[in-house]
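Chemist: Below you will find the structure I want to go over with you.
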Amino acid sequence: MKLIYYIILRITLALTLILTVWAIFFYVTMIDEVNDEVDDALEDYSETIIIRALAGEELPSKTNGSNNQYYMMEVSKEYAESREDIQYKDSMVYIEEKGETEPARILTTIFKDDEGRYHELTVSTPSIEKDDLRNAIQVWIIFLYVALLFCIIIISVWVFYRNMRPLYVLLHWLDGYQTGKRNKPLSNDTQITEFRKLNEAAIRYVERTEQMFEQQKQFIGNASHEIQTPLAICRNRLEMLMEDDSLSEKQLEELMKTHQTLEYITKLNKSLLLLSKIDNGQFTDTKELELNVLLKQYLQDYEEVYDYRNIEVTIDEQGVFKVKMNESLAVALLTNLLKNAFVHNIDGGHIRITITKNGITFRNSGVEHPLDKEHIFERFYQGSKKEGSTGLGLAIADSICRLQHLNIKYYFEQNEHCFEISQS
């Protein structure tokens with residue numbers, strides 16, 4: 001989840017909780033205020049009636065045109081002492097003027113006259129307008145709640161995006177940065193101290209990476225010359241010694257074994273140097289290639305080398321597989337897969353190559369069980385040791401495919417080992 005979405009979610013949850021509590025508190029406070037105003041009016045009305053009753057004056061009409069009503073009756077002392085002095089409640093009352101029952105706010109109080117008698121006075125006023133007010137308050141609270149929540153979220157997102165823009169500029173620059181290539185300079189002016197320090201740290205990091213990359217390229221180039229030269233000298237000297245007629249058969253056999261070991265070391269060194277160059281991205285020149293042509297060009301050489309094994313090779317061209325990649329890497333990819341198909345085959349076996357416009361599949365006979373596809377592309381992994389194999393061919397093929405954005409996979413089908421290359 002992106003940082004902005006994570007913050008929006010957190011802000012929304014927090015504001016929802018806070019505004020919900022506020023809305024409930026506001027609603028309860030407003031309703032209490034409304035009830036308090038109604039109760040004050042009922043108290044004034046009941047006080048007027050009690051004063052007139054105690055003074056022996058004429059009581060007001062029970063229906064005075066305002067829909068207010070009152071009822072008064074004499075009660076016993078025991079009843080009066082068992083009741084509270086003033087009670088409030090909401091109930092339904094019958095409005096004589098309208099001839100219907102409506103909700104009302106009711107006040108009930110007990111008072112004693114000069115003769116020691118107890119009277120219960122019930123005063124009511126319709127709460128129709130109060131209910132309308134309550135509904136209006138509910139509607140406006142919900143409207144204000146949603147509008148306020150929405151506005152706060154929009155403002156928060158805008159403020160966050162404006163303040164975090166330098167971070168996104170830096171991330172975009174880092175995503176597009178490629179070591180060893182010409183990259184655009186970082187243009188990310190900001191007044192925020194933390195982002196300025198982050199920009200400086202990123203620039204220092206890429207500069208250090210470029211320095212290490214150049215050092216690695218120099219090391220690989222130097223190692224290639226420094227190691228290959230003594231190996232070639234050793235091989236030449238061994239070949240000269242092997243031409244000496246005075247050597248015994250046993251001595252000649254030992255020299256041949258040593259020569260084979262040097263050949264293996266030379267191949268291993270070349271393969272490791274190639275892997276290092278691939279991993280360092282030193283093959284930057286690319287062009288559109290037809291792998292059909294390259295494959296047939298190098299297949300003839302391998303058929304001549306492994307002719308003694310009587311391996312039958314067939315090519316099924318169903319289309320032209322075109323890719324944009326480095327030509328040297330394309331040759332290395334195809335030759336490694338060809339060599340793998342020959343080396344890990346059986347005498348009198350077969351190799352079937354299928355080419356379509358979307359990929360190439362190499363199928364070869366071999367051991368009659370599937371290989372470990374989880375480790376087959378690892379360096380120096382070999383299902384069974386084969387003479388002339390360094391264990392790096394498939395690792396090189398995998399590195400090339402990853403660098404050139406190709407897919408390579410292995411599967412075992414119809415007693416054939418299959419390696420498939422396709423476009424990503």
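By convention in this document, the chains of the structure tokens carry letters A, B, ... by their order, each chain's residues are numbered from 1, and ligands are numbered from 1 in the order they are shown.
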If you run DSSP on this backbone, which residues of segment 67-315 of chain A come out as strand (DSSP E), and could you give them as an MDAnalysis selection string?
Modeler: chainID A and resid 69:75 86:95 100:112 118:126 287:290 312:315
Chemist: Keeping only N, CA and C atoms, write those residues as a tab-separated table (two decimals), in the first residue's frame.
Modeler:
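To be explicit, this is the file written out as out-v4.tsv:
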chain	number	residue	atom	x	y	z
A	69	GLN	N	-52.28	22.23	28.31
A	69	GLN	CA	-53.39	21.70	29.13
A	69	GLN	C	-52.89	21.43	30.53
A	70	TYR	N	-53.85	21.43	31.47
A	70	TYR	CA	-53.47	21.05	32.83
A	70	TYR	C	-54.64	20.32	33.47
A	71	TYR	N	-54.29	19.49	34.43
A	71	TYR	CA	-55.27	18.74	35.23
A	71	TYR	C	-54.81	18.81	36.68
A	72	MET	N	-55.78	19.05	37.58
A	72	MET	CA	-55.44	19.15	39.00
A	72	MET	C	-56.45	18.35	39.80
A	73	MET	N	-55.94	17.56	40.72
A	73	MET	CA	-56.83	16.77	41.58
A	73	MET	C	-56.21	16.66	42.96
A	74	GLU	N	-57.12	16.47	43.93
A	74	GLU	CA	-56.67	16.33	45.33
A	74	GLU	C	-56.19	14.89	45.56
A	75	VAL	N	-55.07	14.76	46.30
A	75	VAL	CA	-54.51	13.43	46.59
A	75	VAL	C	-54.28	13.31	48.09
A	86	ILE	N	-41.39	17.21	41.69
A	86	ILE	CA	-41.57	17.53	40.27
A	86	ILE	C	-41.08	16.34	39.44
A	87	GLN	N	-41.90	15.97	38.45
A	87	GLN	CA	-41.53	14.89	37.54
A	87	GLN	C	-41.79	15.34	36.10
A	88	TYR	N	-40.86	14.91	35.18
A	88	TYR	CA	-41.03	15.22	33.76
A	88	TYR	C	-41.07	13.90	32.99
A	89	LYS	N	-41.89	13.89	31.94
A	89	LYS	CA	-41.94	12.71	31.07
A	89	LYS	C	-42.52	13.09	29.72
A	90	ASP	N	-42.25	12.25	28.72
A	90	ASP	CA	-42.83	12.41	27.39
A	90	ASP	C	-43.90	11.35	27.22
A	91	SER	N	-45.07	11.78	26.79
A	91	SER	CA	-46.18	10.84	26.64
A	91	SER	C	-47.14	11.35	25.57
A	92	MET	N	-48.22	10.61	25.36
A	92	MET	CA	-49.25	11.00	24.40
A	92	MET	C	-50.43	11.59	25.17
A	93	VAL	N	-50.94	12.73	24.69
A	93	VAL	CA	-52.10	13.37	25.33
A	93	VAL	C	-53.15	13.67	24.27
A	94	TYR	N	-54.38	13.78	24.73
A	94	TYR	CA	-55.50	14.07	23.82
A	94	TYR	C	-55.72	15.57	23.77
A	95	ILE	N	-55.66	16.16	22.57
A	95	ILE	CA	-55.88	17.59	22.37
A	95	ILE	C	-57.35	17.79	22.01
A	100	GLU	N	-57.59	14.93	18.65
A	100	GLU	CA	-56.67	13.84	18.33
A	100	GLU	C	-55.58	13.76	19.39
A	101	THR	N	-54.89	12.64	19.40
A	101	THR	CA	-53.84	12.40	20.37
A	101	THR	C	-52.49	12.73	19.73
A	102	GLU	N	-51.66	13.48	20.47
A	102	GLU	CA	-50.36	13.88	19.98
A	102	GLU	C	-49.32	13.76	21.08
A	103	PRO	N	-48.04	13.64	20.71
A	103	PRO	CA	-46.98	13.57	21.73
A	103	PRO	C	-46.84	14.90	22.45
A	104	ALA	N	-46.51	14.80	23.75
A	104	ALA	CA	-46.41	16.02	24.56
A	104	ALA	C	-45.37	15.82	25.66
A	105	ARG	N	-44.91	16.95	26.17
A	105	ARG	CA	-44.02	16.96	27.32
A	105	ARG	C	-44.88	17.25	28.54
A	106	ILE	N	-44.78	16.44	29.58
A	106	ILE	CA	-45.69	16.52	30.74
A	106	ILE	C	-44.89	16.78	32.00
A	107	LEU	N	-45.40	17.74	32.83
A	107	LEU	CA	-44.83	18.04	34.15
A	107	LEU	C	-45.86	17.68	35.21
A	108	THR	N	-45.46	16.94	36.20
A	108	THR	CA	-46.34	16.57	37.32
A	108	THR	C	-45.70	17.05	38.62
A	109	THR	N	-46.46	17.82	39.42
A	109	THR	CA	-45.94	18.34	40.67
A	109	THR	C	-46.98	18.22	41.79
A	110	ILE	N	-46.55	18.19	43.01
A	110	ILE	CA	-47.41	18.09	44.21
A	110	ILE	C	-47.27	19.38	45.01
A	111	PHE	N	-48.41	19.96	45.45
A	111	PHE	CA	-48.34	21.14	46.34
A	111	PHE	C	-49.45	21.02	47.39
A	112	LYS	N	-49.28	21.75	48.50
A	112	LYS	CA	-50.22	21.71	49.63
A	112	LYS	C	-50.80	23.10	49.82
A	118	TYR	N	-53.46	18.17	49.94
A	118	TYR	CA	-52.43	17.95	48.90
A	118	TYR	C	-53.12	17.86	47.54
A	119	HIS	N	-52.49	18.51	46.57
A	119	HIS	CA	-53.03	18.51	45.22
A	119	HIS	C	-51.92	18.10	44.22
A	120	GLU	N	-52.35	17.37	43.23
A	120	GLU	CA	-51.40	16.97	42.16
A	120	GLU	C	-51.78	17.73	40.89
A	121	LEU	N	-50.80	18.45	40.36
A	121	LEU	CA	-51.01	19.25	39.16
A	121	LEU	C	-50.21	18.63	38.00
A	122	THR	N	-50.93	18.38	36.92
A	122	THR	CA	-50.29	17.84	35.70
A	122	THR	C	-50.43	18.87	34.59
A	123	VAL	N	-49.31	19.33	34.07
A	123	VAL	CA	-49.28	20.32	33.00
A	123	VAL	C	-48.60	19.70	31.78
A	124	SER	N	-49.17	19.91	30.61
A	124	SER	CA	-48.59	19.32	29.39
A	124	SER	C	-48.58	20.35	28.27
A	125	THR	N	-47.59	20.19	27.41
A	125	THR	CA	-47.51	21.02	26.21
A	125	THR	C	-47.11	20.12	25.05
A	126	PRO	N	-47.72	20.26	23.91
A	126	PRO	CA	-47.39	19.39	22.76
A	126	PRO	C	-45.91	19.54	22.37
A	287	LYS	N	20.16	-4.37	-30.42
A	287	LYS	CA	19.54	-4.20	-31.73
A	287	LYS	C	18.57	-5.35	-31.96
A	288	GLU	N	17.71	-5.21	-32.95
A	288	GLU	CA	16.73	-6.26	-33.22
A	288	GLU	C	17.41	-7.42	-33.95
A	289	LEU	N	17.23	-8.62	-33.41
A	289	LEU	CA	17.87	-9.82	-33.95
A	289	LEU	C	16.83	-10.87	-34.29
A	290	GLU	N	17.12	-11.65	-35.33
A	290	GLU	CA	16.31	-12.83	-35.64
A	290	GLU	C	17.06	-14.04	-35.10
A	312	GLU	N	20.40	-36.96	-33.23
A	312	GLU	CA	19.57	-36.42	-34.31
A	312	GLU	C	18.99	-35.06	-33.90
A	313	VAL	N	19.16	-34.06	-34.77
A	313	VAL	CA	18.69	-32.69	-34.49
A	313	VAL	C	17.66	-32.31	-35.54
A	314	THR	N	16.49	-31.83	-35.08
A	314	THR	CA	15.45	-31.34	-35.98
A	314	THR	C	15.00	-29.95	-35.54
A	315	ILE	N	14.69	-29.11	-36.52
A	315	ILE	CA	14.21	-27.75	-36.24
A	315	ILE	C	12.83	-27.58	-36.87
Chemist: Which neighbours of segment 20-25 of chain A fall inside 8 Å, counting only C-alpha atoms, when residues of the same chain fewer than 5 positions from it are skipped, and could you give them as a count of residues only?
Modeler: 3
Chemist: Figure out the distance between atom CA of Leu170 of chain A and atom CA of Asn199 of chain A, please, to one decimal in Å.
Modeler: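 Between these atoms lies a distance of 7.0 Å.
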Chemist: For Glu420 of chain A, work out the shell of residues within 7 Å, counting only C-alpha atoms and skipping chain neighbours fewer than 2 positions away, then give it as a JSON list (two decimals) with C-alpha atoms, in the first residue's frame.
Modeler:
[["chain", "number", "residue", "atom", "x", "y", "z"],
["A", 360, "ILE", "CA", 12.16, -21.00, -28.75],
["A", 361, "THR", "CA", 11.89, -24.41, -27.08],
["A", 362, "PHE", "CA", 14.81, -26.86, -26.81],
["A", 408, "ILE", "CA", 13.30, -18.98, -19.37],
["A", 409, "LYS", "CA", 11.79, -22.07, -17.76],
["A", 410, "TYR", "CA", 12.47, -25.79, -17.52],
["A", 418, "CYS", "CA", 12.51, -28.88, -22.18],
["A", 422, "SER", "CA", 9.82, -16.47, -24.44]]
Chemist: Name all residues at most 12 Å from segment 175-189 of chain A (count only C-alpha atoms; drop same-chain ones fewer than 3 positions away) and give them as a compact mmCIF listing (two decimals) with C-alpha atoms, in the first residue's frame.
Modeler:
# COMPACT_ATOMS: atom_id res chain seq x y z
CA MET A 164 5.55 14.88 0.10
CA ARG A 165 6.08 15.77 -3.57
CA PRO A 166 9.91 15.92 -3.21
CA LEU A 167 9.86 12.33 -1.94
CA TYR A 168 7.93 11.11 -4.99
CA VAL A 169 10.29 13.04 -7.31
CA LEU A 170 13.26 11.32 -5.66
CA LEU A 171 11.63 7.88 -5.87
CA HIS A 172 10.83 8.39 -9.56
CA ILE A 192 12.26 20.77 3.80
CA THR A 193 15.46 19.86 5.64
CA PHE A 195 14.15 15.88 2.07
CA ARG A 196 17.29 17.90 1.29
CA LYS A 197 19.32 15.47 3.37
CA LEU A 198 17.61 12.54 1.66
CA ASN A 199 18.47 13.98 -1.77
CA GLU A 200 22.10 14.43 -0.73
CA ALA A 201 22.26 10.87 0.62
CA ALA A 202 20.78 9.47 -2.61
CA ILE A 203 23.28 11.41 -4.74
CA ARG A 204 26.18 10.21 -2.59
CA TYR A 205 24.90 6.64 -2.91
CA VAL A 206 24.64 6.68 -6.72
CA GLU A 207 28.06 8.36 -7.03
CA ARG A 208 29.56 5.63 -4.86
CA THR A 209 27.75 2.99 -6.92
CA GLU A 210 29.13 4.46 -10.14
CA GLN A 211 32.66 4.42 -8.71
CA MET A 212 32.31 0.79 -7.62
CA PHE A 213 30.84 -0.11 -11.00
CA GLU A 214 33.82 1.41 -12.81
CA GLN A 215 36.22 -0.35 -10.45
CA GLN A 216 34.50 -3.67 -11.10
CA LYS A 217 34.67 -3.17 -14.85
CA LYS A 277 29.90 -8.66 -17.06
CA ASP A 279 25.53 -8.91 -13.73
CA ASN A 280 27.26 -5.53 -14.06
CA GLY A 281 25.18 -4.64 -17.12
CA GLN A 282 28.20 -4.09 -19.36
CA PHE A 283 26.35 -5.26 -22.49
CA THR A 284 24.42 -2.09 -23.25
CA ASP A 285 24.36 -2.08 -27.06
Chemist: Would you please extract all helix (DSSP H, G or I) residues from segment 327-403 of chain A, as assigned by DSSP on the backbone, and give them as an NGL selection string?
Modeler: :A and (327-343 or 393-403)
Chemist: Mind writing the picked residues with N, CA, C and O atoms as a short mmCIF file (atom, residue, chain, number, x, y, z; two decimals), in the first residue's frame?
Modeler:
data_model
loop_
_atom_site.label_atom_id
_atom_site.label_comp_id
_atom_site.auth_asym_id
_atom_site.auth_seq_id
_atom_site.Cartn_x
_atom_site.Cartn_y
_atom_site.Cartn_z
N GLU A 327 23.83 -8.57 -29.24
CA GLU A 327 24.11 -9.71 -30.10
C GLU A 327 25.04 -10.72 -29.43
O GLU A 327 24.85 -11.94 -29.56
N SER A 328 26.03 -10.24 -28.69
CA SER A 328 26.95 -11.16 -28.00
C SER A 328 26.21 -12.01 -26.97
O SER A 328 26.47 -13.20 -26.82
N LEU A 329 25.27 -11.36 -26.26
CA LEU A 329 24.49 -12.11 -25.27
C LEU A 329 23.55 -13.09 -25.96
O LEU A 329 23.32 -14.19 -25.44
N ALA A 330 23.01 -12.71 -27.11
CA ALA A 330 22.12 -13.63 -27.84
C ALA A 330 22.89 -14.88 -28.27
O ALA A 330 22.39 -16.01 -28.15
N VAL A 331 24.12 -14.69 -28.76
CA VAL A 331 24.96 -15.83 -29.15
C VAL A 331 25.27 -16.69 -27.94
O VAL A 331 25.19 -17.94 -28.00
N ALA A 332 25.63 -16.05 -26.81
CA ALA A 332 25.95 -16.81 -25.59
C ALA A 332 24.74 -17.60 -25.11
O ALA A 332 24.87 -18.75 -24.66
N LEU A 333 23.56 -16.99 -25.19
CA LEU A 333 22.34 -17.66 -24.74
C LEU A 333 22.06 -18.91 -25.58
O LEU A 333 21.82 -20.00 -25.04
N LEU A 334 22.09 -18.77 -26.89
CA LEU A 334 21.77 -19.90 -27.77
C LEU A 334 22.83 -20.99 -27.69
O LEU A 334 22.51 -22.18 -27.64
N THR A 335 24.11 -20.60 -27.69
CA THR A 335 25.17 -21.61 -27.66
C THR A 335 25.20 -22.37 -26.34
O THR A 335 25.48 -23.57 -26.32
N ASN A 336 24.89 -21.70 -25.24
CA ASN A 336 24.86 -22.40 -23.95
C ASN A 336 23.71 -23.41 -23.90
O ASN A 336 23.87 -24.51 -23.37
N LEU A 337 22.56 -23.03 -24.45
CA LEU A 337 21.44 -23.96 -24.47
C LEU A 337 21.69 -25.11 -25.45
O LEU A 337 21.30 -26.26 -25.19
N LEU A 338 22.34 -24.82 -26.58
CA LEU A 338 22.70 -25.89 -27.52
C LEU A 338 23.69 -26.86 -26.89
O LEU A 338 23.54 -28.08 -26.98
N LYS A 339 24.73 -26.29 -26.26
CA LYS A 339 25.73 -27.14 -25.62
C LYS A 339 25.09 -27.98 -24.52
O LYS A 339 25.41 -29.17 -24.37
N ASN A 340 24.19 -27.38 -23.75
CA ASN A 340 23.51 -28.12 -22.69
C ASN A 340 22.73 -29.30 -23.26
O ASN A 340 22.72 -30.41 -22.70
N ALA A 341 22.06 -29.07 -24.41
CA ALA A 341 21.26 -30.14 -25.03
C ALA A 341 22.14 -31.27 -25.54
O ALA A 341 21.75 -32.45 -25.49
N PHE A 342 23.35 -30.95 -26.02
CA PHE A 342 24.26 -31.99 -26.52
C PHE A 342 24.97 -32.71 -25.37
O PHE A 342 25.03 -33.95 -25.34
N VAL A 343 25.53 -31.94 -24.43
CA VAL A 343 26.33 -32.52 -23.35
C VAL A 343 25.50 -33.44 -22.47
O VAL A 343 25.95 -34.53 -22.06
N GLY A 393 26.57 -22.99 -17.55
CA GLY A 393 25.85 -22.69 -18.79
C GLY A 393 24.44 -22.20 -18.57
O GLY A 393 24.02 -21.16 -19.11
N LEU A 394 23.67 -22.93 -17.76
CA LEU A 394 22.28 -22.53 -17.50
C LEU A 394 22.21 -21.29 -16.62
O LEU A 394 21.27 -20.49 -16.75
N ALA A 395 23.19 -21.12 -15.72
CA ALA A 395 23.23 -19.90 -14.91
C ALA A 395 23.46 -18.68 -15.80
O ALA A 395 22.86 -17.61 -15.60
N ILE A 396 24.35 -18.84 -16.81
CA ILE A 396 24.58 -17.74 -17.75
C ILE A 396 23.32 -17.46 -18.57
O ILE A 396 22.93 -16.30 -18.76
N ALA A 397 22.65 -18.51 -19.03
CA ALA A 397 21.41 -18.33 -19.79
C ALA A 397 20.35 -17.61 -18.96
O ALA A 397 19.66 -16.71 -19.46
N ASP A 398 20.23 -17.98 -17.70
CA ASP A 398 19.24 -17.34 -16.82
C ASP A 398 19.59 -15.87 -16.60
O ASP A 398 18.71 -15.00 -16.63
N SER A 399 20.88 -15.55 -16.38
CA SER A 399 21.29 -14.16 -16.18
C SER A 399 21.03 -13.33 -17.42
O SER A 399 20.59 -12.17 -17.33
N ILE A 400 21.30 -13.90 -18.59
CA ILE A 400 21.06 -13.17 -19.84
C ILE A 400 19.57 -12.88 -20.01
O ILE A 400 19.16 -11.77 -20.38
N CYS A 401 18.74 -13.88 -19.73
CA CYS A 401 17.28 -13.68 -19.88
C CYS A 401 16.76 -12.62 -18.92
O CYS A 401 15.92 -11.79 -19.29
N ARG A 402 17.25 -12.63 -17.69
CA ARG A 402 16.81 -11.60 -16.74
C ARG A 402 17.26 -10.22 -17.16
O ARG A 402 16.52 -9.24 -17.02
N LEU A 403 18.50 -10.12 -17.69
CA LEU A 403 19.00 -8.82 -18.11
C LEU A 403 18.25 -8.30 -19.34
O LEU A 403 17.97 -7.10 -19.45
#
Chemist: Return the single residue from A:Leu238, A:Leu272, A:Val34, A:Ile154 that is closest to Met256 of chain A, with distances computed using only C-alpha atoms.
Modeler: A:Leu238
Chemist: So how far away is atom CA of Thr16 of chain A from atom CA of Glu33 of chain A, in Å?
Modeler: 25.3 Å
Chemist: Can you work out which one of A:Phe219, A:Tyr298, A:Tyr308, A:Trp173 has the shortest atom-to-atom distance to Ile346 of chain A, counting only C-alpha atoms?
Modeler: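 Distance minimum relative to Ile346 of chain A lands on A:Tyr308.
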